[in-house]
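**Student:** Dropping a structure here in structure tokens format, bear with me for questions.
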Amino acid sequence: MKPIKVIFAMLIVVVCAAFFIATPRNAQAAPLMASWFFEDDMESGLSPWSCWEGPGTNCYSVDTSSNTYFVLEANTLNSMINLGRRVTMGVFDYDMSCKATMFIKRQSGAAPFTGQLEVIQYNTLNYLSIKQFSYTPPPPPFNNNWTAITTSSWSPPGPDLFIRLVFNNPTHSAKSLQVDLLRVSCSW
């Protein structure tokens with residue numbers, strides 16, 4: 001083969017390759033994933049939250065320069081206190097799979113701290129998910145870290161939910177638990 005024909009053939013291959021690389025193509029569509037996310041960092045204080053106090057318990061909001069959180073105090077044997085709020089889903093689909101999370105840490109008292117995180121259908125008061133916990137703070141210097149309590153997955157039967165954290169004290173010693181940040185995340 002003559003050198004000019006070889007150079008011309010190579011040039012054709014290079015031009016065709018460049019044209020092929022530069023030609024726009026239809027991209028494959030990624031699978032669609034829809035999601036909904038709700039977060040309440042409790043910076044608004046008590047409203048829209050509600051506390052249910054029993055004998056020997058106390059619930060109050062603490063506003064510091066950097067954060068607002070709730071303190072749940074259970075001071076007597078078998079005392080129980082609840083903190084909760086209504087959540088209305090901005091987007092709703094029966095095929096959703098959701099989880100709820102709240103963050104806790106010890107304020108005072110001896111471990112363990114026990115209770116449960118509950119997701120309740122607002123209109124019927126049926127439980128959708130219950131996550132029981134027994135919380136022992138980690139040793140210093142990590143004992144000031146927040147710990148996440150997360151429910152298992154659940155499917156909402158409607159857009160209105162009630163999320164509640166129950167803190168109980170099966171001992172005679174007083175205990176205080178800090179609670180901050182509610183998250184509800186759903187996908188379908």
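By order in the structure tokens, chains are A, B, ...; within a chain, residues start at 1; ligands start at 1, following the order shown.
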Run DSSP on the backbone and tell me which residues of chain A come out as alpha helix (DSSP H); list them as a list of chain:residue names.
**Tutor:**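 Here are the alpha helix (DSSP H) residues of chain A: A:Pro3, A:Ile4, A:Lys5, A:Val6, A:Ile7, A:Phe8, A:Ala9, A:Met10, A:Leu11, A:Ile12, A:Val13, A:Val14, A:Val15, A:Cys16, A:Ala17, A:Ala18, A:Phe19, A:Phe20, A:Ile21, A:Ala22.
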**Student:** At a cut-off of 6 Å, using only C-alpha atoms, what residues contact A:Lys105? Leave out same-chain residues fewer than 2 positions from it and give the result as an NGL selection string.
**Tutor:** :A and (146 or 177-178)
**Student:** Nearest to A:Tyr94: which of A:Phe38, A:Phe142, A:Tyr135, A:Trp188 is it, counting only C-alpha atoms?
**Tutor:**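 Among the listed residues, the smallest separation from A:Tyr94 belongs to A:Trp188.
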**Student:** DSSP on the backbone, then: every residue of stretch 36-86 of chain A marked strand (DSSP E), written as an MDAnalysis selection string.
**Tutor:** chainID A and resid 36:40 50:53 57:63 68:74 79:86
**Student:** Would you write out those residues with N, CA and C atoms, as an mmCIF file, in the first residue's frame?
**Tutor:**
```
data_model
loop_
_atom_site.group_PDB
_atom_site.id
_atom_site.type_symbol
_atom_site.label_atom_id
_atom_site.label_comp_id
_atom_site.auth_asym_id
_atom_site.auth_seq_id
_atom_site.Cartn_x
_atom_site.Cartn_y
_atom_site.Cartn_z
ATOM 1 N N TRP A 36 -39.719 12.208 50.513
ATOM 2 C CA TRP A 36 -40.257 13.307 51.307
ATOM 3 C C TRP A 36 -39.511 13.311 52.627
ATOM 4 N N PHE A 37 -39.218 14.503 53.128
ATOM 5 C CA PHE A 37 -38.397 14.639 54.324
ATOM 6 C C PHE A 37 -38.987 15.728 55.214
ATOM 7 N N PHE A 38 -39.086 15.441 56.518
ATOM 8 C CA PHE A 38 -39.570 16.420 57.500
ATOM 9 C C PHE A 38 -38.551 16.486 58.630
ATOM 10 N N GLU A 39 -38.283 17.702 59.097
ATOM 11 C CA GLU A 39 -37.370 17.869 60.223
ATOM 12 C C GLU A 39 -37.867 18.990 61.119
ATOM 13 N N ASP A 40 -37.882 18.736 62.419
ATOM 14 C CA ASP A 40 -38.202 19.742 63.421
ATOM 15 C C ASP A 40 -37.055 19.758 64.419
ATOM 16 N N SER A 50 -46.188 18.743 72.475
ATOM 17 C CA SER A 50 -46.999 18.558 73.683
ATOM 18 C C SER A 50 -46.263 17.613 74.621
ATOM 19 N N CYS A 51 -46.373 17.905 75.915
ATOM 20 C CA CYS A 51 -45.805 17.038 76.947
ATOM 21 C C CYS A 51 -46.945 16.482 77.792
ATOM 22 N N TRP A 52 -46.832 15.218 78.155
ATOM 23 C CA TRP A 52 -47.772 14.604 79.077
ATOM 24 C C TRP A 52 -46.975 14.196 80.310
ATOM 25 N N GLU A 53 -47.233 14.904 81.377
ATOM 26 C CA GLU A 53 -46.491 14.681 82.611
ATOM 27 C C GLU A 53 -47.360 13.927 83.606
ATOM 28 N N THR A 57 -42.839 13.871 87.418
ATOM 29 C CA THR A 57 -42.181 14.129 86.126
ATOM 30 C C THR A 57 -42.253 15.617 85.800
ATOM 31 N N ASN A 58 -41.414 16.002 84.865
ATOM 32 C CA ASN A 58 -41.381 17.389 84.421
ATOM 33 C C ASN A 58 -40.880 17.412 82.982
ATOM 34 N N CYS A 59 -41.407 18.332 82.183
ATOM 35 C CA CYS A 59 -41.018 18.489 80.788
ATOM 36 C C CYS A 59 -40.900 19.978 80.510
ATOM 37 N N TYR A 60 -39.769 20.387 79.946
ATOM 38 C CA TYR A 60 -39.605 21.803 79.625
ATOM 39 C C TYR A 60 -38.610 21.979 78.491
ATOM 40 N N SER A 61 -38.714 23.142 77.848
ATOM 41 C CA SER A 61 -37.845 23.493 76.732
ATOM 42 C C SER A 61 -36.679 24.319 77.257
ATOM 43 N N VAL A 62 -35.493 24.056 76.745
ATOM 44 C CA VAL A 62 -34.292 24.807 77.108
ATOM 45 C C VAL A 62 -33.788 25.504 75.852
ATOM 46 N N ASP A 63 -33.594 26.813 75.942
ATOM 47 C CA ASP A 63 -33.108 27.600 74.813
ATOM 48 C C ASP A 63 -31.732 28.135 75.165
ATOM 49 N N THR A 68 -31.925 24.708 70.889
ATOM 50 C CA THR A 68 -33.103 24.528 71.732
ATOM 51 C C THR A 68 -33.405 23.041 71.774
ATOM 52 N N TYR A 69 -33.707 22.528 72.953
ATOM 53 C CA TYR A 69 -34.023 21.119 73.130
ATOM 54 C C TYR A 69 -34.989 20.984 74.296
ATOM 55 N N PHE A 70 -35.531 19.790 74.471
ATOM 56 C CA PHE A 70 -36.426 19.502 75.582
ATOM 57 C C PHE A 70 -35.699 18.682 76.628
ATOM 58 N N VAL A 71 -36.093 18.863 77.871
ATOM 59 C CA VAL A 71 -35.615 18.036 78.965
ATOM 60 C C VAL A 71 -36.817 17.294 79.530
ATOM 61 N N LEU A 72 -36.685 15.972 79.632
ATOM 62 C CA LEU A 72 -37.709 15.131 80.234
ATOM 63 C C LEU A 72 -37.137 14.613 81.549
ATOM 64 N N GLU A 73 -37.802 14.943 82.651
ATOM 65 C CA GLU A 73 -37.348 14.511 83.974
ATOM 66 C C GLU A 73 -38.318 13.479 84.534
ATOM 67 N N ALA A 74 -37.765 12.359 84.962
ATOM 68 C CA ALA A 74 -38.547 11.307 85.609
ATOM 69 C C ALA A 74 -37.911 11.090 86.979
ATOM 70 N N SER A 79 -42.069 6.354 87.073
ATOM 71 C CA SER A 79 -42.632 7.563 86.465
ATOM 72 C C SER A 79 -42.425 7.511 84.952
ATOM 73 N N MET A 80 -43.351 8.156 84.238
ATOM 74 C CA MET A 80 -43.321 8.143 82.780
ATOM 75 C C MET A 80 -43.699 9.531 82.275
ATOM 76 N N ILE A 81 -43.027 9.952 81.218
ATOM 77 C CA ILE A 81 -43.317 11.239 80.607
ATOM 78 C C ILE A 81 -43.250 11.087 79.091
ATOM 79 N N ASN A 82 -44.113 11.813 78.374
ATOM 80 C CA ASN A 82 -44.218 11.714 76.925
ATOM 81 C C ASN A 82 -44.029 13.083 76.283
ATOM 82 N N LEU A 83 -43.389 13.087 75.134
ATOM 83 C CA LEU A 83 -43.208 14.296 74.333
ATOM 84 C C LEU A 83 -43.573 13.944 72.903
ATOM 85 N N GLY A 84 -44.479 14.699 72.289
ATOM 86 C CA GLY A 84 -44.879 14.360 70.929
ATOM 87 C C GLY A 84 -45.463 15.527 70.169
ATOM 88 N N ARG A 85 -45.670 15.290 68.887
ATOM 89 C CA ARG A 85 -46.283 16.309 68.028
ATOM 90 C C ARG A 85 -46.915 15.664 66.799
ATOM 91 N N ARG A 86 -47.856 16.387 66.237
ATOM 92 C CA ARG A 86 -48.506 15.990 64.989
ATOM 93 C C ARG A 86 -47.590 16.360 63.825
#
```
**Student:** When you look at A:Ser129 with a cut-off of 8 Å (counting only C-alpha atoms), what residues show up, excluding the ones that are within fewer than 6 positions of it in the same chain? I need them as an mmCIF file with N, CA and C atoms, in the first residue's frame.
**Tutor:**
```cif
data_model
loop_
_atom_site.group_PDB
_atom_site.id
_atom_site.type_symbol
_atom_site.label_atom_id
_atom_site.label_comp_id
_atom_site.auth_asym_id
_atom_site.auth_seq_id
_atom_site.Cartn_x
_atom_site.Cartn_y
_atom_site.Cartn_z
ATOM 1 N N GLU A 118 -42.509 6.224 69.183
ATOM 2 C CA GLU A 118 -43.742 5.698 68.607
ATOM 3 C C GLU A 118 -44.187 6.537 67.409
ATOM 4 N N VAL A 119 -44.669 5.859 66.385
ATOM 5 C CA VAL A 119 -45.316 6.511 65.245
ATOM 6 C C VAL A 119 -46.749 6.036 65.261
ATOM 7 N N ILE A 120 -47.680 6.988 65.315
ATOM 8 C CA ILE A 120 -49.097 6.682 65.501
ATOM 9 C C ILE A 120 -49.896 7.335 64.376
ATOM 10 N N THR A 151 -36.935 4.297 64.217
ATOM 11 C CA THR A 151 -37.914 3.223 64.075
ATOM 12 C C THR A 151 -37.549 2.333 62.892
ATOM 13 N N SER A 152 -38.162 1.176 62.851
ATOM 14 C CA SER A 152 -38.089 0.354 61.645
ATOM 15 C C SER A 152 -38.984 1.004 60.587
ATOM 16 N N SER A 153 -38.923 0.518 59.368
ATOM 17 C CA SER A 153 -39.726 1.092 58.279
ATOM 18 C C SER A 153 -41.212 0.827 58.489
ATOM 19 N N TRP A 154 -42.020 1.764 58.079
ATOM 20 C CA TRP A 154 -43.469 1.647 58.161
ATOM 21 C C TRP A 154 -44.083 2.373 56.977
#
```
**Student:** Can you work out which one of A:Ser35, A:Ser66, A:Ser97, A:Asn168 has the shortest atom-to-atom distance to A:Pro112, counting only C-alpha atoms?
**Tutor:** A:Asn168
**Student:** Considering only C-alpha atoms, can you say which of A:Thr101, A:Asn78, A:Thr114, A:Gln121 comes closest to A:Pro137?
**Tutor:**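 Looking at the shortest contact to A:Pro137, the residue is A:Thr114.
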**Student:** I want to know what sits within 7 Å of A:Leu77, based on only C-alpha atoms, with residues of the same chain fewer than 4 positions away left out; could you give that as a PyMOL selection string?
**Tutor:** chain A and resi 169-172
**Student:** Please, what distance in Å, to one decimal, runs between atom CA of A:Pro138 and atom CA of A:Val166?
**Tutor:**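 These atoms are spaced 21.0 Å apart.
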**Student:** Please measure the separation of atom CA of A:Met89 and atom CA of A:Asp160, giving the value in Å to one decimal.
**Tutor:**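 Pair atom CA of A:Met89 / atom CA of A:Asp160 returns 6.4 Å.
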**Student:** Ranking A:Gln107, A:Asn123, A:Gln132, A:Ser173 by minimum distance to A:Asn145 and counting only C-alpha atoms, which one comes first?
**Tutor:** A:Gln107
**Student:** Please provide as number ranges by chain all residues within 10 Å of A:Leu182, with the sequence filter that same-chain residues fewer than 2 positions apart are discarded (counting only C-alpha atoms).
**Tutor:** A: 38-42, 84-85, 100-103, 148-150, 163-165, 179-180, 184
